[in-house]
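First comes the structure, then the notes that go with it.
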2 protein chains.
Amino acid sequence: MVKKLTKEGNRAVGESEEDIAVVLIGHGSKLPYNKEVLGELRRRMEMRGLFKEIRVAFMQLNSPSIEEELRSLAKDGMKNIVALPVFLADGAHTTEDIPEKLKVAFEGVWDEIGRDVKLTYAKPIGVDERVVDILLDRVKEAMQEE
Amino acid sequence: MVKKLTKEGNRAVGESEEDIAVVLIGHGSKLPYNKEVLGELRRRMEMRGLFKEIRVAFMQLNSPSIEEELRSLAKDGMKNIVALPVFLADGAHTTEDIPEKLKVAFEGVWDEIGRDVKLTYAKPIGVDERVVDILLDRVKEAMQEE
């Protein structure tokens with residue numbers, strides 16, 4: 001699914017997705033479902049065996065926080081971290097709240113983790129034909145359950 | 001994708017997905033992205049040609065509201081409406097806020113729309129291997145854009 005990633009820039013030769021840590025960022029909820037869904041998505045992504053670490057963090061209400069998880073990964077020696085907002089669409093959360101947390105996540109710990117940690121912010125789910133497929137399935141299931 | 005739907009219960013003989021109206025329920029946002037994504041998902045679902053009507057409504061912040069859109073469909077003569085929460089996971093919105101709106105949507109207009117309007121509440125997107133595929137693509141795209 002994910003091809004071997006190459007980069008023109010300052011990435012070390014031979015670095016691949018196996019060196020990448022992914023943090024799935026969930027909205028957080030007072031109910032357990034958001035955390036359950038994120039945990040199960042993490043488990044399934046992990047089964048693909050593409051990344052060195054896949055973790056879950058929450059914007060609010062649940063733990064670990066985004067900052068905690070990013071620091072933890074950096075302290076574990078991960079130098080290439082992708083923060084992936086598991087949100088359907090961009091909004092205030094993905095364009096304001098989460099970027100603010102990403103910005104300050106490593107403040108005060110740069111000496112400890114080294115200056116060469118790279119953090120990439122991915123896009124949310126967005127419009128995708130596979131989402132359309134899922135939505136059609138949910139309608140079908142709802143009709144069949146009656 | 002969606003098989004011809006049959007129902008053992010009180011649905012009219014010969015009724016199919018072509019008689020169904022679907023309302024995609026979005027969270028709503030002060031930014032334009034949620035509305036844009038919902039509108040594009042609606043357009044793509046419509047292209048599949050499976051349902052008689054596909055509309056978009058918002059839980060908050062954007063219009064039309066859930067109640068407005070449901071009443072509009074019922075007044076247009078739709079007797080079989082599926083309310084589909086376009087949310088990643090269940091939470092307070094899908095288990096409390098939206099059901100409250102569905103409950104009162106037809107209050108005061110039953111005489112006008114007839115007592116035989118059926119409203120079905122579908123499940124949110126949830127855990128799905130296709131979501132895992134999309135998330136992996138978002139990581140890949142983020143790495144390639146650097």
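Residue numbering restarts at 1 in every chain; chains get A, B, ... in the order shown in the structure tokens, and ligands count up from 1 in that same order.
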
Original post:
What are the residues of chain B that have an atom within 6 Å of an atom of chain A, counting only C-alpha atoms, as an MDAnalysis selection string?
Top reply: chainID B and resid 31 33:34 37 89:91 122 127 142

Please give chain B as a tab-separated table (two decimals) with N, CA and C atoms, in the first residue's frame, after it has been superposed on chain A by least squares over all Cα atoms paired in order.
chain	number	residue	atom	x	y	z
B	1	MET	N	0.77	-1.20	-0.07
B	1	MET	CA	-0.09	0.00	-0.06
B	1	MET	C	0.76	1.26	-0.04
B	2	VAL	N	1.59	1.40	0.98
B	2	VAL	CA	2.50	2.54	1.02
B	2	VAL	C	3.81	2.13	0.35
B	3	LYS	N	4.12	2.84	-0.71
B	3	LYS	CA	5.36	2.54	-1.41
B	3	LYS	C	6.55	2.97	-0.56
B	4	LYS	N	7.66	2.40	-0.88
B	4	LYS	CA	8.88	2.83	-0.19
B	4	LYS	C	9.06	4.32	-0.46
B	5	LEU	N	9.21	5.05	0.64
B	5	LEU	CA	9.24	6.50	0.52
B	5	LEU	C	10.67	6.99	0.29
B	6	THR	N	10.82	7.88	-0.64
B	6	THR	CA	12.12	8.48	-0.86
B	6	THR	C	11.97	9.98	-0.76
B	7	LYS	N	13.03	10.65	-0.46
B	7	LYS	CA	12.93	12.08	-0.26
B	7	LYS	C	14.19	12.72	-0.81
B	8	GLU	N	13.96	13.84	-1.51
B	8	GLU	CA	15.09	14.53	-2.14
B	8	GLU	C	15.88	15.32	-1.11
B	9	GLY	N	15.25	15.72	-0.04
B	9	GLY	CA	15.81	16.72	0.88
B	9	GLY	C	16.86	16.19	1.83
B	10	ASN	N	16.67	16.54	3.08
B	10	ASN	CA	17.72	16.27	4.06
B	10	ASN	C	17.55	14.93	4.78
B	11	ARG	N	16.72	14.08	4.21
B	11	ARG	CA	16.51	12.81	4.88
B	11	ARG	C	17.70	11.89	4.62
B	12	ALA	N	18.03	11.11	5.60
B	12	ALA	CA	19.20	10.25	5.47
B	12	ALA	C	18.99	9.24	4.35
B	13	VAL	N	20.06	8.92	3.66
B	13	VAL	CA	20.00	7.91	2.60
B	13	VAL	C	19.56	6.58	3.20
B	14	GLY	N	18.66	5.91	2.52
B	14	GLY	CA	18.23	4.61	3.01
B	14	GLY	C	17.10	4.67	4.01
B	15	GLU	N	16.73	5.86	4.41
B	15	GLU	CA	15.62	6.00	5.35
B	15	GLU	C	14.33	5.58	4.65
B	16	SER	N	13.49	4.89	5.34
B	16	SER	CA	12.26	4.41	4.72
B	16	SER	C	11.13	4.56	5.71
B	17	GLU	N	9.95	4.10	5.29
B	17	GLU	CA	8.81	4.20	6.20
B	17	GLU	C	9.05	3.43	7.50
B	18	GLU	N	9.99	2.51	7.46
B	18	GLU	CA	10.28	1.76	8.69
B	18	GLU	C	10.89	2.63	9.77
B	19	ASP	N	11.40	3.78	9.38
B	19	ASP	CA	11.97	4.70	10.36
B	19	ASP	C	10.95	5.72	10.85
B	20	ILE	N	9.74	5.63	10.34
B	20	ILE	CA	8.74	6.65	10.64
B	20	ILE	C	7.84	6.21	11.80
B	21	ALA	N	7.57	7.16	12.67
B	21	ALA	CA	6.55	6.94	13.70
B	21	ALA	C	5.32	7.75	13.33
B	22	VAL	N	4.17	7.14	13.48
B	22	VAL	CA	2.91	7.81	13.15
B	22	VAL	C	2.10	8.00	14.44
B	23	VAL	N	1.60	9.20	14.64
B	23	VAL	CA	0.69	9.45	15.77
B	23	VAL	C	-0.70	9.73	15.22
B	24	LEU	N	-1.62	8.83	15.48
B	24	LEU	CA	-3.02	9.04	15.11
B	24	LEU	C	-3.63	10.00	16.13
B	25	ILE	N	-4.08	11.14	15.66
B	25	ILE	CA	-4.63	12.14	16.57
B	25	ILE	C	-6.15	12.09	16.54
B	26	GLY	N	-6.73	11.74	17.68
B	26	GLY	CA	-8.19	11.69	17.79
B	26	GLY	C	-8.74	12.95	18.43
B	27	HIS	N	-10.01	13.17	18.25
B	27	HIS	CA	-10.68	14.33	18.82
B	27	HIS	C	-10.73	14.25	20.35
B	28	GLY	N	-10.98	13.05	20.85
B	28	GLY	CA	-11.23	12.88	22.28
B	28	GLY	C	-12.71	13.03	22.57
B	29	SER	N	-13.18	12.31	23.58
B	29	SER	CA	-14.62	12.30	23.88
B	29	SER	C	-14.83	11.87	25.32
B	30	LYS	N	-15.92	12.32	25.91
B	30	LYS	CA	-16.25	11.85	27.26
B	30	LYS	C	-16.80	10.42	27.21
B	31	LEU	N	-17.25	10.00	26.05
B	31	LEU	CA	-17.70	8.63	25.87
B	31	LEU	C	-16.54	7.79	25.34
B	32	PRO	N	-16.63	6.46	25.46
B	32	PRO	CA	-15.45	5.63	25.13
B	32	PRO	C	-15.21	5.40	23.64
B	33	TYR	N	-16.19	5.73	22.79
B	33	TYR	CA	-16.15	5.26	21.40
B	33	TYR	C	-14.99	5.84	20.59
B	34	ASN	N	-14.73	7.13	20.75
B	34	ASN	CA	-13.65	7.73	19.97
B	34	ASN	C	-12.32	7.03	20.27
B	35	LYS	N	-12.08	6.80	21.55
B	35	LYS	CA	-10.84	6.14	21.94
B	35	LYS	C	-10.80	4.70	21.43
B	36	GLU	N	-11.93	4.02	21.47
B	36	GLU	CA	-11.98	2.64	20.97
B	36	GLU	C	-11.71	2.58	19.47
B	37	VAL	N	-12.34	3.49	18.71
B	37	VAL	CA	-12.14	3.49	17.26
B	37	VAL	C	-10.69	3.81	16.93
B	38	LEU	N	-10.13	4.80	17.60
B	38	LEU	CA	-8.72	5.15	17.34
B	38	LEU	C	-7.80	3.98	17.67
B	39	GLY	N	-8.07	3.32	18.79
B	39	GLY	CA	-7.24	2.19	19.19
B	39	GLY	C	-7.30	1.05	18.18
B	40	GLU	N	-8.48	0.78	17.67
B	40	GLU	CA	-8.63	-0.30	16.70
B	40	GLU	C	-8.02	0.08	15.34
B	41	LEU	N	-8.15	1.34	14.94
B	41	LEU	CA	-7.49	1.78	13.70
B	41	LEU	C	-5.97	1.65	13.86
B	42	ARG	N	-5.47	2.01	15.02
B	42	ARG	CA	-4.03	1.87	15.28
B	42	ARG	C	-3.61	0.41	15.15
B	43	ARG	N	-4.38	-0.48	15.76
B	43	ARG	CA	-4.04	-1.90	15.72
B	43	ARG	C	-4.01	-2.42	14.28
B	44	ARG	N	-5.00	-1.99	13.50
B	44	ARG	CA	-5.05	-2.47	12.11
B	44	ARG	C	-3.94	-1.87	11.27
B	45	MET	N	-3.59	-0.60	11.52
B	45	MET	CA	-2.46	-0.01	10.80
B	45	MET	C	-1.17	-0.73	11.16
B	46	GLU	N	-1.03	-1.07	12.42
B	46	GLU	CA	0.16	-1.77	12.88
B	46	GLU	C	0.32	-3.12	12.18
B	47	MET	N	-0.81	-3.78	11.95
B	47	MET	CA	-0.77	-5.09	11.28
B	47	MET	C	-0.23	-4.99	9.86
B	48	ARG	N	-0.30	-3.81	9.25
B	48	ARG	CA	0.28	-3.66	7.91
B	48	ARG	C	1.81	-3.67	7.95
B	49	GLY	N	2.37	-3.44	9.12
B	49	GLY	CA	3.83	-3.55	9.28
B	49	GLY	C	4.64	-2.52	8.53
B	50	LEU	N	4.11	-1.35	8.33
B	50	LEU	CA	4.80	-0.36	7.50
B	50	LEU	C	5.63	0.64	8.29
B	51	PHE	N	5.27	0.85	9.53
B	51	PHE	CA	5.93	1.91	10.29
B	51	PHE	C	6.54	1.35	11.57
B	52	LYS	N	7.55	2.07	12.05
B	52	LYS	CA	8.27	1.59	13.23
B	52	LYS	C	7.40	1.68	14.48
B	53	GLU	N	6.67	2.77	14.59
B	53	GLU	CA	5.79	2.96	15.74
B	53	GLU	C	4.49	3.59	15.26
B	54	ILE	N	3.37	3.13	15.81
B	54	ILE	CA	2.10	3.80	15.56
B	54	ILE	C	1.45	4.01	16.93
B	55	ARG	N	1.16	5.25	17.24
B	55	ARG	CA	0.56	5.54	18.54
B	55	ARG	C	-0.68	6.41	18.38
B	56	VAL	N	-1.42	6.52	19.46
B	56	VAL	CA	-2.65	7.30	19.46
B	56	VAL	C	-2.52	8.42	20.48
B	57	ALA	N	-2.99	9.60	20.13
B	57	ALA	CA	-3.01	10.72	21.08
B	57	ALA	C	-4.32	11.48	20.86
B	58	PHE	N	-4.70	12.25	21.85
B	58	PHE	CA	-6.00	12.94	21.77
B	58	PHE	C	-5.85	14.44	21.94
B	59	MET	N	-6.64	15.16	21.15
B	59	MET	CA	-6.63	16.62	21.21
B	59	MET	C	-7.17	17.12	22.55
B	60	GLN	N	-8.14	16.40	23.07
B	60	GLN	CA	-8.77	16.82	24.33
B	60	GLN	C	-9.45	15.63	24.99
B	61	LEU	N	-9.76	15.78	26.25
B	61	LEU	CA	-10.61	14.88	27.04
B	61	LEU	C	-10.01	13.51	27.36
B	62	ASN	N	-9.23	12.95	26.45
B	62	ASN	CA	-8.62	11.65	26.71
B	62	ASN	C	-7.10	11.79	26.77
B	63	SER	N	-6.46	10.77	27.30
B	63	SER	CA	-5.01	10.77	27.32
B	63	SER	C	-4.50	9.58	26.52
B	64	PRO	N	-3.24	9.60	26.03
B	64	PRO	CA	-2.28	10.68	26.22
B	64	PRO	C	-2.60	11.90	25.36
B	65	SER	N	-2.08	13.04	25.75
B	65	SER	CA	-2.22	14.24	24.94
B	65	SER	C	-1.26	14.17	23.75
B	66	ILE	N	-1.48	15.04	22.81
B	66	ILE	CA	-0.60	15.12	21.64
B	66	ILE	C	0.83	15.42	22.07
B	67	GLU	N	0.98	16.38	22.96
B	67	GLU	CA	2.33	16.77	23.40
B	67	GLU	C	3.03	15.62	24.11
B	68	GLU	N	2.31	14.93	24.98
B	68	GLU	CA	2.90	13.80	25.71
B	68	GLU	C	3.40	12.73	24.75
B	69	GLU	N	2.55	12.39	23.77
B	69	GLU	CA	2.91	11.28	22.89
B	69	GLU	C	4.07	11.66	21.96
B	70	LEU	N	4.08	12.91	21.49
B	70	LEU	CA	5.17	13.35	20.62
B	70	LEU	C	6.50	13.34	21.39
B	71	ARG	N	6.47	13.86	22.61
B	71	ARG	CA	7.70	13.87	23.42
B	71	ARG	C	8.18	12.46	23.71
B	72	SER	N	7.22	11.59	23.99
B	72	SER	CA	7.57	10.20	24.29
B	72	SER	C	8.27	9.55	23.10
B	73	LEU	N	7.74	9.76	21.91
B	73	LEU	CA	8.35	9.18	20.70
B	73	LEU	C	9.74	9.76	20.47
B	74	ALA	N	9.87	11.07	20.65
B	74	ALA	CA	11.17	11.71	20.42
B	74	ALA	C	12.20	11.20	21.43
B	75	LYS	N	11.76	11.05	22.68
B	75	LYS	CA	12.68	10.54	23.71
B	75	LYS	C	13.06	9.09	23.46
B	76	ASP	N	12.18	8.37	22.77
B	76	ASP	CA	12.48	6.99	22.39
B	76	ASP	C	13.41	6.93	21.19
B	77	GLY	N	13.81	8.10	20.68
B	77	GLY	CA	14.78	8.13	19.59
B	77	GLY	C	14.18	8.24	18.20
B	78	MET	N	12.85	8.38	18.08
B	78	MET	CA	12.25	8.52	16.75
B	78	MET	C	12.58	9.91	16.20
B	79	LYS	N	13.10	9.93	14.98
B	79	LYS	CA	13.54	11.19	14.38
B	79	LYS	C	12.60	11.68	13.29
B	80	ASN	N	11.66	10.85	12.94
B	80	ASN	CA	10.78	11.16	11.81
B	80	ASN	C	9.35	10.81	12.22
B	81	ILE	N	8.60	11.83	12.60
B	81	ILE	CA	7.27	11.59	13.16
B	81	ILE	C	6.20	12.25	12.29
B	82	VAL	N	5.16	11.48	11.95
B	82	VAL	CA	4.03	12.03	11.19
B	82	VAL	C	2.83	12.12	12.13
B	83	ALA	N	2.32	13.34	12.29
B	83	ALA	CA	1.10	13.56	13.07
B	83	ALA	C	-0.09	13.53	12.12
B	84	LEU	N	-0.97	12.57	12.34
B	84	LEU	CA	-2.06	12.30	11.40
B	84	LEU	C	-3.41	12.58	12.05
B	85	PRO	N	-4.06	13.67	11.69
B	85	PRO	CA	-5.35	13.97	12.31
B	85	PRO	C	-6.44	13.04	11.79
B	86	VAL	N	-6.96	12.20	12.67
B	86	VAL	CA	-8.02	11.26	12.25
B	86	VAL	C	-9.35	11.99	12.39
B	87	PHE	N	-9.51	12.94	11.49
B	87	PHE	CA	-10.70	13.78	11.43
B	87	PHE	C	-11.26	13.66	10.02
B	88	LEU	N	-12.56	13.81	9.89
B	88	LEU	CA	-13.16	13.70	8.57
B	88	LEU	C	-12.80	14.89	7.69
B	89	ALA	N	-12.86	16.07	8.25
B	89	ALA	CA	-12.61	17.27	7.46
B	89	ALA	C	-11.77	18.25	8.25
B	90	ASP	N	-11.08	19.14	7.55
B	90	ASP	CA	-10.41	20.23	8.24
B	90	ASP	C	-11.44	21.10	8.93
B	91	GLY	N	-11.02	21.76	9.96
B	91	GLY	CA	-11.87	22.66	10.72
B	91	GLY	C	-10.99	23.38	11.72
B	92	ALA	N	-11.62	24.06	12.68
B	92	ALA	CA	-10.83	24.80	13.68
B	92	ALA	C	-9.87	23.86	14.43
B	93	HIS	N	-10.31	22.62	14.67
B	93	HIS	CA	-9.44	21.70	15.41
B	93	HIS	C	-8.16	21.40	14.63
B	94	THR	N	-8.31	21.11	13.33
B	94	THR	CA	-7.12	20.68	12.57
B	94	THR	C	-6.29	21.85	12.06
B	95	THR	N	-6.89	23.04	11.94
B	95	THR	CA	-6.13	24.18	11.41
B	95	THR	C	-5.63	25.12	12.51
B	96	GLU	N	-6.20	25.01	13.70
B	96	GLU	CA	-5.78	25.90	14.78
B	96	GLU	C	-5.32	25.13	16.02
B	97	ASP	N	-6.24	24.35	16.59
B	97	ASP	CA	-5.96	23.73	17.89
B	97	ASP	C	-4.79	22.74	17.83
B	98	ILE	N	-4.85	21.81	16.88
B	98	ILE	CA	-3.79	20.79	16.81
B	98	ILE	C	-2.45	21.41	16.41
B	99	PRO	N	-2.40	22.28	15.37
B	99	PRO	CA	-1.11	22.90	15.04
B	99	PRO	C	-0.47	23.64	16.22
B	100	GLU	N	-1.29	24.28	17.06
B	100	GLU	CA	-0.73	24.95	18.25
B	100	GLU	C	-0.04	23.96	19.17
B	101	LYS	N	-0.65	22.79	19.31
B	101	LYS	CA	-0.06	21.77	20.18
B	101	LYS	C	1.22	21.19	19.56
B	102	LEU	N	1.20	21.01	18.23
B	102	LEU	CA	2.39	20.50	17.56
B	102	LEU	C	3.55	21.48	17.72
B	103	LYS	N	3.21	22.76	17.67
B	103	LYS	CA	4.23	23.81	17.72
B	103	LYS	C	4.99	23.82	19.04
B	104	VAL	N	4.27	23.55	20.12
B	104	VAL	CA	4.91	23.64	21.43
B	104	VAL	C	5.34	22.29	21.99
B	105	ALA	N	5.04	21.22	21.26
B	105	ALA	CA	5.24	19.87	21.82
B	105	ALA	C	6.67	19.63	22.30
B	106	PHE	N	7.64	20.14	21.55
B	106	PHE	CA	9.04	19.83	21.88
B	106	PHE	C	9.73	20.97	22.63
B	107	GLU	N	8.97	22.00	22.96
B	107	GLU	CA	9.57	23.13	23.69
B	107	GLU	C	10.15	22.66	25.01
B	108	GLY	N	11.38	23.06	25.27
B	108	GLY	CA	12.00	22.72	26.55
B	108	GLY	C	12.66	21.35	26.58
B	109	VAL	N	12.46	20.56	25.51
B	109	VAL	CA	13.09	19.23	25.51
B	109	VAL	C	14.02	19.02	24.32
B	110	TRP	N	14.27	20.08	23.56
B	110	TRP	CA	15.12	19.94	22.37
B	110	TRP	C	16.51	19.43	22.74
B	111	ASP	N	17.04	19.92	23.86
B	111	ASP	CA	18.38	19.46	24.26
B	111	ASP	C	18.38	17.96	24.53
B	112	GLU	N	17.25	17.50	25.07
B	112	GLU	CA	17.16	16.08	25.42
B	112	GLU	C	16.96	15.19	24.19
B	113	ILE	N	16.14	15.66	23.26
B	113	ILE	CA	15.78	14.78	22.13
B	113	ILE	C	16.66	15.00	20.91
B	114	GLY	N	17.43	16.09	20.92
B	114	GLY	CA	18.25	16.40	19.75
B	114	GLY	C	17.49	17.29	18.80
B	115	ARG	N	18.22	18.05	18.02
B	115	ARG	CA	17.60	19.05	17.14
B	115	ARG	C	17.12	18.48	15.82
B	116	ASP	N	17.37	17.20	15.60
B	116	ASP	CA	17.11	16.62	14.28
B	116	ASP	C	15.80	15.85	14.21
B	117	VAL	N	14.90	16.09	15.15
B	117	VAL	CA	13.58	15.45	15.07
B	117	VAL	C	12.73	16.19	14.05
B	118	LYS	N	12.16	15.44	13.13
B	118	LYS	CA	11.34	16.06	12.09
B	118	LYS	C	9.87	15.67	12.31
B	119	LEU	N	9.01	16.67	12.34
B	119	LEU	CA	7.59	16.43	12.58
B	119	LEU	C	6.80	16.88	11.34
B	120	THR	N	6.05	15.97	10.77
B	120	THR	CA	5.25	16.26	9.57
B	120	THR	C	3.76	16.17	9.93
B	121	TYR	N	3.01	17.13	9.47
B	121	TYR	CA	1.57	17.16	9.78
B	121	TYR	C	0.80	16.73	8.54
B	122	ALA	N	0.09	15.63	8.63
B	122	ALA	CA	-0.64	15.08	7.49
B	122	ALA	C	-2.03	15.70	7.37
B	123	LYS	N	-2.67	15.43	6.27
B	123	LYS	CA	-4.03	15.92	6.02
B	123	LYS	C	-5.07	15.00	6.68
B	124	PRO	N	-6.25	15.52	6.95
B	124	PRO	CA	-7.32	14.65	7.47
B	124	PRO	C	-7.89	13.74	6.37
B	125	ILE	N	-8.84	12.94	6.71
B	125	ILE	CA	-9.42	11.95	5.78
B	125	ILE	C	-9.96	12.63	4.52
B	126	GLY	N	-10.81	13.61	4.67
B	126	GLY	CA	-11.29	14.39	3.53
B	126	GLY	C	-12.20	13.61	2.59
B	127	VAL	N	-12.40	14.17	1.41
B	127	VAL	CA	-13.24	13.53	0.40
B	127	VAL	C	-12.48	12.37	-0.22
B	128	ASP	N	-13.10	11.24	-0.23
B	128	ASP	CA	-12.43	10.04	-0.76
B	128	ASP	C	-13.52	9.07	-1.18
B	129	GLU	N	-13.32	8.45	-2.34
B	129	GLU	CA	-14.34	7.53	-2.85
B	129	GLU	C	-14.58	6.37	-1.88
B	130	ARG	N	-13.56	6.02	-1.10
B	130	ARG	CA	-13.72	4.94	-0.13
B	130	ARG	C	-14.64	5.35	1.01
B	131	VAL	N	-14.67	6.65	1.32
B	131	VAL	CA	-15.63	7.13	2.33
B	131	VAL	C	-17.05	7.00	1.76
B	132	VAL	N	-17.20	7.33	0.49
B	132	VAL	CA	-18.51	7.17	-0.16
B	132	VAL	C	-18.96	5.71	-0.08
B	133	ASP	N	-18.04	4.79	-0.35
B	133	ASP	CA	-18.37	3.36	-0.26
B	133	ASP	C	-18.84	2.99	1.14
B	134	ILE	N	-18.13	3.49	2.14
B	134	ILE	CA	-18.49	3.17	3.53
B	134	ILE	C	-19.87	3.74	3.87
B	135	LEU	N	-20.12	4.97	3.46
B	135	LEU	CA	-21.41	5.60	3.77
B	135	LEU	C	-22.55	4.81	3.13
B	136	LEU	N	-22.34	4.35	1.91
B	136	LEU	CA	-23.38	3.55	1.24
B	136	LEU	C	-23.61	2.24	2.01
B	137	ASP	N	-22.53	1.65	2.51
B	137	ASP	CA	-22.68	0.44	3.32
B	137	ASP	C	-23.46	0.72	4.60
B	138	ARG	N	-23.21	1.87	5.23
B	138	ARG	CA	-23.91	2.19	6.48
B	138	ARG	C	-25.42	2.34	6.22
B	139	VAL	N	-25.77	2.92	5.08
B	139	VAL	CA	-27.20	3.05	4.72
B	139	VAL	C	-27.79	1.64	4.52
B	140	LYS	N	-27.07	0.83	3.78
B	140	LYS	CA	-27.54	-0.54	3.51
B	140	LYS	C	-27.73	-1.31	4.81
B	141	GLU	N	-26.75	-1.23	5.71
B	141	GLU	CA	-26.84	-1.94	6.99
B	141	GLU	C	-28.03	-1.43	7.82
B	142	ALA	N	-28.24	-0.13	7.80
B	142	ALA	CA	-29.35	0.44	8.58
B	142	ALA	C	-30.69	-0.09	8.06
B	143	MET	N	-30.81	-0.23	6.74
B	143	MET	CA	-32.05	-0.74	6.17
B	143	MET	C	-32.23	-2.21	6.48
B	144	GLN	N	-31.14	-2.96	6.50
B	144	GLN	CA	-31.23	-4.40	6.75
B	144	GLN	C	-31.51	-4.73	8.20
B	145	GLU	N	-31.12	-3.83	9.11
B	145	GLU	CA	-31.29	-4.10	10.54
B	145	GLU	C	-32.72	-3.89	11.02
B	146	GLU	N	-33.51	-3.27	10.16
B	146	GLU	CA	-34.86	-2.94	10.63
B	146	GLU	C	-35.68	-4.16	10.97

**OP:** Using backbone DSSP assignments, extract all helix (DSSP H, G or I) residues from chain A; output them as a count of residues only.
**Re:** 61

Original post:
Can you list, as a PyMOL selection string, every residue of chain B that DSSP puts in strand (DSSP E)?
Top reply: chain B and resi 20-26+53-58+80-85+118-121

Write the residues of the preceding selection, restricted to N, CA and C atoms, as a compact mmCIF listing (two decimals), in the first residue's frame.
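The resulting file, part.txt, is reproduced below:
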# COMPACT_ATOMS: atom_id res chain seq x y z
N ILE B 20 -35.81 5.58 -1.19
CA ILE B 20 -35.20 6.03 0.05
C ILE B 20 -34.55 7.41 -0.13
N ALA B 21 -34.75 8.25 0.85
CA ALA B 21 -34.02 9.51 0.91
C ALA B 21 -32.96 9.40 2.01
N VAL B 22 -31.78 9.87 1.71
CA VAL B 22 -30.68 9.83 2.68
C VAL B 22 -30.30 11.26 3.07
N VAL B 23 -30.18 11.49 4.36
CA VAL B 23 -29.68 12.78 4.84
C VAL B 23 -28.31 12.58 5.46
N LEU B 24 -27.29 13.12 4.83
CA LEU B 24 -25.94 13.09 5.39
C LEU B 24 -25.87 14.16 6.47
N ILE B 25 -25.61 13.74 7.69
CA ILE B 25 -25.57 14.69 8.80
C ILE B 25 -24.13 15.04 9.14
N GLY B 26 -23.79 16.31 8.96
CA GLY B 26 -22.45 16.78 9.28
C GLY B 26 -22.41 17.45 10.64
N GLU B 53 -33.33 10.64 -3.15
CA GLU B 53 -32.85 11.96 -2.73
C GLU B 53 -31.66 11.77 -1.80
N ILE B 54 -30.65 12.61 -1.95
CA ILE B 54 -29.56 12.64 -0.98
C ILE B 54 -29.35 14.10 -0.61
N ARG B 55 -29.47 14.38 0.67
CA ARG B 55 -29.31 15.77 1.11
C ARG B 55 -28.32 15.86 2.26
N VAL B 56 -27.94 17.08 2.56
CA VAL B 56 -26.98 17.33 3.63
C VAL B 56 -27.64 18.21 4.69
N ALA B 57 -27.40 17.90 5.94
CA ALA B 57 -27.89 18.74 7.04
C ALA B 57 -26.80 18.80 8.11
N PHE B 58 -26.89 19.80 8.96
CA PHE B 58 -25.83 19.99 9.95
C PHE B 58 -26.38 20.02 11.37
N ASN B 80 -39.55 7.24 3.38
CA ASN B 80 -38.51 6.35 3.90
C ASN B 80 -37.19 7.12 3.93
N ILE B 81 -36.84 7.61 5.11
CA ILE B 81 -35.68 8.49 5.22
C ILE B 81 -34.62 7.86 6.13
N VAL B 82 -33.38 7.85 5.64
CA VAL B 82 -32.26 7.36 6.46
C VAL B 82 -31.40 8.55 6.86
N ALA B 83 -31.26 8.75 8.17
CA ALA B 83 -30.38 9.79 8.69
C ALA B 83 -29.02 9.17 8.96
N LEU B 84 -28.01 9.66 8.26
CA LEU B 84 -26.69 9.04 8.28
C LEU B 84 -25.66 9.99 8.89
N PRO B 85 -25.22 9.72 10.12
CA PRO B 85 -24.26 10.62 10.74
C PRO B 85 -22.87 10.45 10.11
N LYS B 118 -41.20 6.98 7.70
CA LYS B 118 -40.31 6.14 8.50
C LYS B 118 -38.90 6.74 8.49
N LEU B 119 -38.35 6.91 9.68
CA LEU B 119 -37.02 7.51 9.81
C LEU B 119 -36.08 6.48 10.44
N THR B 120 -35.00 6.18 9.75
CA THR B 120 -34.02 5.19 10.24
C THR B 120 -32.70 5.91 10.52
N TYR B 121 -32.11 5.59 11.64
CA TYR B 121 -30.86 6.24 12.04
C TYR B 121 -29.71 5.26 11.82
